[in-house]
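Asker: Quick one: the structure is below, and I'll ask about it shortly.
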Number of protein chains: 2
Amino acid sequence: MSAEDNLLKLVEAEEPDENDYRLQEQVGFILRKAHQRHVSIFAAHIGDLTPPQFAALAKLRDVGETSQNQLGTLIAMDAATVKGVIDRLKARGLVELSKHEIDKRRLLVNLTAQGRDAIERLIPLAREITEETLAPLTAKEIAIFMKLLAKLA
Amino acid sequence: MSAEDNLLKLVEAEEPDENDYRLQEQVGFILRKAHQRHVSIFAAHIGDLTPPQFAALAKLRDVGETSQNQLGTLIAMDAATVKGVIDRLKARGLVELSKHEIDKRRLLVNLTAQGRDAIERLIPLAREITEETLAPLTAKEIAIFMKLLAKLA
DNA sequence: TTGATATCATTTGCATACGAATGAATTTTG
DNA sequence: CAAAATTCATTCGTATGCAAATGATATCAA
């Protein structure tokens, strides 16, 4: 191989050929597919609630009454998104809303008795969902994957 | 420690306490956050196109003219979703549609000259997006992560 | 205290994402 | 061949997800 060939190879290694972009190998594309698969598994186990709705109930169970915005922060939803989620949970009687006594801007959210029953009943199913989502990996791989995924998120 | 204590520990290990469900540690929740972060990085680099729109253009560049449904399969979008994406790309002159001569059900999609220019121009930015998304990981971690993520998706 | 800022919530507009229903065209099968 | 099943595309309804604009309230600072 000539010196020119070696130089060419080096350049290609540093700056990949523009023609060689493989969508299927990009992290964003695979992340989107993995997320889709998870949502599909979720729907198969819990048909009458979406993952965001479940997240809201699960977090309210953790922290008790909070403001809508604060809840949004805890479950990684912006104000506009969390409003829709809470509205739908309220319409189904799973959460109740009240005004903050002191700070009149805040809208407090809390579980109803029915909402508490629902989340307690659903948590075992949620464990199964996590398990099934991770089923393609071994226990060791799961440990590694979760650590790295957390770093990315 | 008594024999009873050991038995108790064993049972707890197999069937975790129901009170101890941590949303923040569930794979679905973190997957959703990682995906959100990626979309945000994407938007910062490529403001005038969404990841699904980019995926459609990139895949058309790979495979050339295809039917709308086939394209959807290739980029993991159902028929209803891909229609919206293609409609918007068409409205912007980045793709063109035509009828399949033989199979009258099919709607063929292809890049326009403008669409081809756009995707060629954007691919280098997409490389940066992938890089930035993976920036919290070392090279070795990236290799491991991508292998495991692909298994999950 | 008051004027500038910041926070909480809502609304609008746009873009995925998918289930379900529908209709048209093609393929399979009995 | 003819009926049944499948495929391709569209439409509708519902649910995130986020940017931007708005209004109400609260906090900070001069």
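To be explicit about the labels: the chains of the structure tokens are called A, B, and onward in the order shown, and within each one the residues are counted from 1, while ligands get numbers from 1 in the order they are shown.
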Just list as a list in words whatever in region 59-125 of chain B DSSP marks as strand (DSSP E or B).
Answerer: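 Reading the DSSP output for region 59-125 of chain B, strand (DSSP E or B) covers Thr66, Ser67, Val95, Glu96, Leu97, Ser98, Lys99, Leu107, Leu108, Val109, Asn110 and Leu111 of chain B.
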Asker: What are the residues of chain D lining chain B at 8 Å or less? Count only C-alpha atoms (C1' of nucleotides), and put the answer as a ChimeraX atom specification.
Answerer: /D:8-10
Asker: How would the residues just chosen look if you wrote them out with C-alpha atoms (C1' of nucleotides) as an mmCIF file, in the first residue's frame?
Answerer:
data_model
loop_
_atom_site.group_PDB
_atom_site.id
_atom_site.type_symbol
_atom_site.label_atom_id
_atom_site.label_comp_id
_atom_site.auth_asym_id
_atom_site.auth_seq_id
_atom_site.Cartn_x
_atom_site.Cartn_y
_atom_site.Cartn_z
ATOM 1 C "C1'" DC D 8 -52.182 0.517 0.954
ATOM 2 C "C1'" DA D 9 -53.828 4.697 2.108
ATOM 3 C "C1'" DT D 10 -56.920 7.977 4.402
#
Asker: Need the shell around His38 (chain A): protein/DNA/RNA residues with any atom at most 9 Å away, counting only C-alpha atoms (C1' of nucleotides). Skip same-chain ones fewer than 3 positions apart. Format as a PyMOL selection string?
Answerer: (chain A and resi 33-35+41-43+129-130+132-133) or (chain B and resi 27-28+31+152-153)
Asker: Do you have, as a Markdown table, the list of residues of chain C lying at most 12 Å from chain B, each with its nearest atom pair and that distance in Å to one decimal, counting only C-alpha atoms (C1' of nucleotides) and ordered by chain then number?
Answerer:
| residue | atom | partner | partner_atom | distance |
| --- | --- | --- | --- | --- |
| C:DC14 | C1' | B:Arg88 | CA | 11.1 |
| C:DA15 | C1' | B:Thr50 | CA | 8.2 |
| C:DT16 | C1' | B:Thr81 | CA | 7.0 |
| C:DA17 | C1' | B:Thr81 | CA | 6.4 |
| C:DC18 | C1' | B:Asp78 | CA | 7.4 |
| C:DG19 | C1' | B:Ala80 | CA | 10.2 |
| C:DA20 | C1' | B:Ala80 | CA | 11.5 |
| C:DG23 | C1' | B:Arg105 | CA | 10.9 |
| C:DA24 | C1' | B:Arg105 | CA | 7.0 |
| C:DA25 | C1' | B:Arg105 | CA | 5.6 |
| C:DT26 | C1' | B:Asp103 | CA | 7.6 |
| C:DT27 | C1' | B:Asp103 | CA | 11.6 |
Asker: Could you list, with a cut-off of 8 Å and counting only C-alpha atoms, the residues of chain B near chain A, each shown with its nearest atom pair and the distance in Å rounded to one decimal, rows sorted by chain and ascending number, as CSV?
Answerer:
residue,atom,partner,partner_atom,distance
B:Glu18,CA,A:Ile123,CA,7.4
B:Tyr21,CA,A:Ile123,CA,7.2
B:Leu23,CA,A:Ala58,CA,6.9
B:Gln26,CA,A:Thr130,CA,6.4
B:Val27,CA,A:Thr130,CA,6.2
B:Gly28,CA,A:His38,CA,6.2
B:Phe29,CA,A:Ala55,CA,7.9
B:Ile30,CA,A:Ala153,CA,6.3
B:Leu31,CA,A:His35,CA,6.0
B:Arg32,CA,A:His35,CA,6.4
B:Lys33,CA,A:Ala153,CA,5.3
B:Ala34,CA,A:Ala153,CA,4.0
B:His35,CA,A:Leu31,CA,6.0
B:Arg37,CA,A:Ala153,CA,6.5
B:His38,CA,A:Gly28,CA,6.2
B:Val39,CA,A:Gly28,CA,7.8
B:Ala55,CA,A:Leu23,CA,6.9
B:Ala58,CA,A:Leu23,CA,6.8
B:Lys59,CA,A:Leu23,CA,7.1
B:Ala76,CA,A:Lys33,CA,7.0
B:Glu120,CA,A:Glu18,CA,7.8
B:Ile123,CA,A:Tyr21,CA,7.2
B:Pro124,CA,A:Glu18,CA,7.4
B:Thr130,CA,A:Val27,CA,6.2
B:Thr133,CA,A:Leu152,CA,7.3
B:Leu134,CA,A:Leu152,CA,6.9
B:Pro136,CA,A:Leu152,CA,6.1
B:Leu137,CA,A:Lys151,CA,7.3
B:Glu141,CA,A:Leu148,CA,7.3
B:Phe145,CA,A:Phe145,CA,6.3
B:Met146,CA,A:Val27,CA,7.1
B:Leu148,CA,A:Phe145,CA,6.6
B:Leu149,CA,A:Ile30,CA,7.1
B:Ala150,CA,A:Ile30,CA,6.5
B:Lys151,CA,A:Pro136,CA,6.3
B:Leu152,CA,A:Ala34,CA,5.9
B:Ala153,CA,A:Ala34,CA,4.0
Asker: Selection from above, C-alpha atoms, as a CSV table (one decimal), in the first residue's frame, can you write it?
Answerer:
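So the final result, stored in part06.csv, reads:
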chain,number,residue,atom,x,y,z
B,18,GLU,CA,-45.0,-2.7,47.2
B,21,TYR,CA,-41.7,1.6,43.7
B,23,LEU,CA,-40.6,5.8,39.2
B,26,GLN,CA,-37.9,2.5,35.9
B,27,VAL,CA,-36.5,2.0,32.4
B,28,GLY,CA,-39.6,3.5,30.7
B,29,PHE,CA,-39.3,6.7,32.6
B,30,ILE,CA,-35.6,7.1,31.9
B,31,LEU,CA,-36.1,6.1,28.3
B,32,ARG,CA,-38.6,8.8,27.9
B,33,LYS,CA,-36.3,11.4,29.4
B,34,ALA,CA,-33.3,10.3,27.3
B,35,HIS,CA,-35.5,10.6,24.2
B,37,ARG,CA,-33.1,15.2,25.7
B,38,HIS,CA,-32.1,13.9,22.3
B,39,VAL,CA,-35.0,15.7,20.6
B,55,ALA,CA,-35.5,10.3,9.2
B,58,ALA,CA,-32.4,10.3,5.2
B,59,LYS,CA,-34.2,7.0,4.4
B,76,ALA,CA,-40.8,2.8,12.3
B,120,GLU,CA,-26.9,16.2,2.1
B,123,ILE,CA,-26.2,14.9,7.5
B,124,PRO,CA,-23.0,16.6,8.9
B,130,THR,CA,-25.4,12.0,17.6
B,133,THR,CA,-26.3,13.1,22.6
B,134,LEU,CA,-23.7,10.5,23.5
B,136,PRO,CA,-21.9,12.0,28.6
B,137,LEU,CA,-20.4,8.6,27.8
B,141,GLU,CA,-19.4,3.1,27.2
B,145,PHE,CA,-24.7,1.2,25.3
B,146,MET,CA,-25.4,1.1,21.6
B,148,LEU,CA,-27.6,-3.0,24.5
B,149,LEU,CA,-30.0,-0.3,23.3
B,150,ALA,CA,-30.2,-2.0,19.9
B,151,LYS,CA,-31.2,-5.2,21.7
B,152,LEU,CA,-34.0,-3.4,23.4
B,153,ALA,CA,-35.4,-1.6,20.4
Asker: Any idea what the distance is between CA of Leu111 (chain B) and C1' of DT16 (chain D)?
Answerer: 29.7 Å
Asker: Interatomic distance between CA of Val95 (chain B) and CA of Leu108 (chain B)?
Answerer: 10.1 Å
Asker: Give me the residues within 12 Å of DA3 (chain D) as a PDB file with C-alpha atoms (C1' of nucleotides), in the first residue's frame, counting only C-alpha atoms (C1' of nucleotides) and dropping any in the same chain fewer than 3 places off.
Answerer:
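Saved result, out-v9.pdb, follows:
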ATOM      1  C1'  DT C  28     -54.583 -15.736  -1.887  1.00  0.00           C
ATOM      2  C1'  DT C  29     -57.290 -19.710  -1.742  1.00  0.00           C
ATOM      3  C1'  DG C  30     -60.863 -22.963  -2.054  1.00  0.00           C
TER       4       DG C  30
END
Asker: In Å, rounded to a single decimal, give me how far CA of Ile86 (chain A) is from CA of Ile102 (chain A).
Answerer: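 Separation between CA of Ile102 (chain A) and CA of Ile86 (chain A): 21.8 Å.
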Asker: Report as a PyMOL selection string all protein, DNA and RNA residues lying within 10 Å of region 19-23 of chain D, evaluated on only C-alpha atoms (C1' of nucleotides), omitting residues in the same chain fewer than 3 positions from it.
Answerer: chain C and resi 9-14
